[in-house]
$ cat entry28.csv   # CSV, C-alpha atoms
chain,number,residue,atom,x,y,z
B,287,MET,CA,-117.5,21.0,98.0
B,288,ASN,CA,-114.8,18.9,96.4
B,289,LYS,CA,-115.4,15.1,95.9
B,290,SER,CA,-111.8,14.3,96.8
B,291,ILE,CA,-112.3,15.4,100.4
B,292,SER,CA,-113.1,12.3,102.4
B,293,ASN,CA,-116.0,12.0,104.8
B,294,GLU,CA,-113.5,11.6,107.7
B,295,THR,CA,-112.0,15.0,106.8
B,296,LYS,CA,-115.5,16.6,106.6
B,297,ASN,CA,-116.4,15.2,110.0
B,298,GLU,CA,-113.2,16.4,111.5
B,299,ALA,CA,-113.7,19.8,110.0
B,300,MET,CA,-117.2,20.0,111.3
B,301,LYS,CA,-116.0,19.0,114.8
B,302,VAL,CA,-113.4,21.8,114.7
B,303,ALA,CA,-115.9,24.3,113.4
B,304,LYS,CA,-118.4,23.4,116.1
B,305,ALA,CA,-115.7,23.5,118.8
B,306,THR,CA,-114.8,27.1,117.8
B,307,GLN,CA,-118.4,28.2,117.3
B,308,LYS,CA,-119.3,31.5,118.9
B,309,PRO,CA,-122.5,32.3,120.6
B,310,GLY,CA,-125.1,33.5,118.1
B,311,GLN,CA,-123.4,32.0,115.2
B,312,THR,CA,-125.8,30.4,112.7
B,313,LYS,CA,-125.6,26.9,111.3
B,314,GLU,CA,-124.8,28.3,107.8
B,315,GLN,CA,-121.8,30.2,109.2
B,316,THR,CA,-120.6,27.1,110.9
B,317,LYS,CA,-120.9,25.2,107.7
B,318,LEU,CA,-118.9,27.9,105.8
B,319,ILE,CA,-116.2,27.7,108.5
B,320,ALA,CA,-116.2,23.9,108.2
B,321,GLN,CA,-115.8,24.2,104.4
B,322,GLY,CA,-112.8,26.5,104.9
B,323,ILE,CA,-111.2,24.1,107.3
B,324,GLU,CA,-111.8,21.2,104.8
B,325,LYS,CA,-110.0,23.3,102.1
B,326,GLY,CA,-107.2,24.0,104.5
B,327,ILE,CA,-106.8,20.3,105.3
B,328,ALA,CA,-106.9,19.4,101.6
B,329,GLU,CA,-104.2,22.0,100.8
B,330,TYR,CA,-102.1,20.6,103.7
B,331,LYS,CA,-102.4,17.1,102.4
B,332,LYS,CA,-101.4,18.3,98.9
B,333,GLN,CA,-98.3,20.0,100.3
B,334,GLN,CA,-97.4,16.9,102.3
B,335,LYS,CA,-97.8,14.7,99.2
B,336,SER,CA,-95.6,17.1,97.3
B,337,LYS,CA,-92.9,17.1,100.0
B,338,ALA,CA,-93.0,13.3,100.1
B,339,ARG,CA,-92.5,13.1,96.3
B,340,GLU,CA,-89.6,15.5,96.5
B,341,LYS,CA,-88.0,13.5,99.3
B,342,ASP,CA,-88.5,10.3,97.3
B,343,LYS,CA,-86.9,11.8,94.3
B,344,ALA,CA,-84.0,13.0,96.3
B,345,ARG,CA,-83.6,9.6,97.9
B,346,LYS,CA,-83.7,7.9,94.5
B,347,GLN,CA,-81.1,10.3,93.1
B,348,GLU,CA,-78.9,9.7,96.2
B,349,ILE,CA,-79.1,5.9,95.6
B,350,LYS,CA,-78.3,6.3,91.9
B,351,ALA,CA,-75.3,8.5,92.8
B,352,LYS,CA,-74.1,5.9,95.3
B,353,ASN,CA,-74.5,3.2,92.7
B,354,ARG,CA,-72.5,5.2,90.2
B,355,ASP,CA,-69.7,5.8,92.7
B,356,VAL,CA,-69.6,2.0,93.5
B,357,GLU,CA,-69.4,1.2,89.7
B,358,GLN,CA,-66.7,3.8,89.2
B,359,THR,CA,-64.7,2.4,92.1
B,360,ASP,CA,-65.1,-1.1,90.8
B,361,ASP,CA,-64.0,0.0,87.3
B,362,THR,CA,-61.0,1.8,88.8
B,363,GLN,CA,-60.0,-1.3,90.8
B,364,ALA,CA,-60.4,-3.5,87.7
B,365,ASN,CA,-58.2,-1.1,85.7
B,366,HIS,CA,-55.6,-1.2,88.5
B,367,SER,CA,-55.6,-4.9,88.7
B,368,SER,CA,-55.4,-5.3,84.9
B,369,SER,CA,-52.5,-2.8,84.8
B,370,ASP,CA,-50.7,-4.7,87.5
B,371,SER,CA,-51.1,-8.0,85.6
B,372,SER,CA,-50.0,-6.3,82.4
B,373,SER,CA,-46.8,-5.0,84.1
B,374,ASN,CA,-46.1,-8.6,85.4
B,375,SER,CA,-46.7,-9.9,81.9
B,376,SER,CA,-44.4,-7.4,80.3
B,377,LYS,CA,-41.6,-8.6,82.6
B,378,LEU,CA,-42.1,-12.2,81.6
B,379,PRO,CA,-40.8,-11.9,78.0
B,380,TRP,CA,-37.7,-10.0,79.2
B,381,ALA,CA,-37.0,-12.7,81.8
B,382,LEU,CA,-37.4,-15.4,79.2
B,383,LEU,CA,-35.1,-13.6,76.8
B,384,LEU,CA,-32.3,-13.2,79.4
B,385,LEU,CA,-32.7,-16.9,80.4
B,386,SER,CA,-32.4,-18.0,76.8
B,387,TRP,CA,-29.3,-15.9,76.2
B,388,ALA,CA,-27.8,-17.2,79.4
B,389,GLY,CA,-28.5,-20.8,78.3
B,390,PHE,CA,-27.1,-20.1,74.8
B,391,SER,CA,-23.9,-18.6,76.2
B,392,ALA,CA,-23.6,-21.5,78.6
B,393,TYR,CA,-23.9,-23.9,75.7
B,394,LEU,CA,-21.2,-22.1,73.7
B,395,LEU,CA,-18.9,-22.0,76.7
B,396,MET,CA,-19.3,-25.8,77.3
B,397,ARG,CA,-18.4,-26.7,73.8

$ encode --input "entry28.csv" --output "structure tokens"
Amino acid sequence: MNKSISNETKNEAMKVAKATQKPGQTKEQTKLIAQGIEKGIAEYKKQQKSKAREKDKARKQEIKAKNRDVEQTDDTQANHSSSDSSSNSSKLPWALLLLSWAGFSAYLLMR
């Protein structure tokens, strides 16, 4: 028997084996049936652990993907806001140029 199988599992397997025991079945046969049940339970537990690991991996990948999407959205918004401010800042020099020319022509006309 495998040492990784707990006593609780062994007891449960023996209960199931005794519950399904047929008349005339020897104790040795019942023990063999119990061992088979133990192996089945151990295999089931392995499968469940594997499924849990796969679900955890999928959940972590989903979280990473969501974080990447949020970061990309933040970067995109930052780029849009910086392009908006750069378009505003590119208008400022032209406005100042026109204002200075208007002031200069007003100065010349007043003279």

$ closest_residue --input "entry28.csv" --among "B:Arg345, B:Lys301, B:Arg354, B:Lys335" --to "Ile323 (chain B)" --atoms "only C-alpha atoms"
B:Lys301

$ atom_distance --input "entry28.csv" --atom1 "CA of Leu318 (chain B)" --atom2 "CA of Lys337 (chain B)"
28.7 Å

$ atom_distance --input "entry28.csv" --atom1 "CA of Gly326 (chain B)" --atom2 "CA of Thr306 (chain B)"
15.6 Å

$ atom_distance --input "entry28.csv" --atom1 "CA of Gln334 (chain B)" --atom2 "CA of Ile349 (chain B)"
22.4 Å

$ decode --input "entry28.csv" --residues "region 326-339 of chain B" --atoms "C-alpha atoms" --output "CSV table (one decimal), in the first residue's frame"
chain,number,residue,atom,x,y,z
B,326,GLY,CA,-9.3,4.7,-7.0
B,327,ILE,CA,-9.8,7.3,-4.3
B,328,ALA,CA,-6.1,8.3,-4.6
B,329,GLU,CA,-6.4,8.6,-8.4
B,330,TYR,CA,-9.5,10.7,-8.0
B,331,LYS,CA,-7.7,13.0,-5.6
B,332,LYS,CA,-4.8,13.4,-8.0
B,333,GLN,CA,-7.2,14.3,-10.8
B,334,GLN,CA,-9.0,16.8,-8.6
B,335,LYS,CA,-5.7,18.4,-7.6
B,336,SER,CA,-4.7,18.6,-11.3
B,337,LYS,CA,-8.0,20.2,-12.2
B,338,ALA,CA,-7.6,22.7,-9.4
B,339,ARG,CA,-4.1,23.6,-10.6
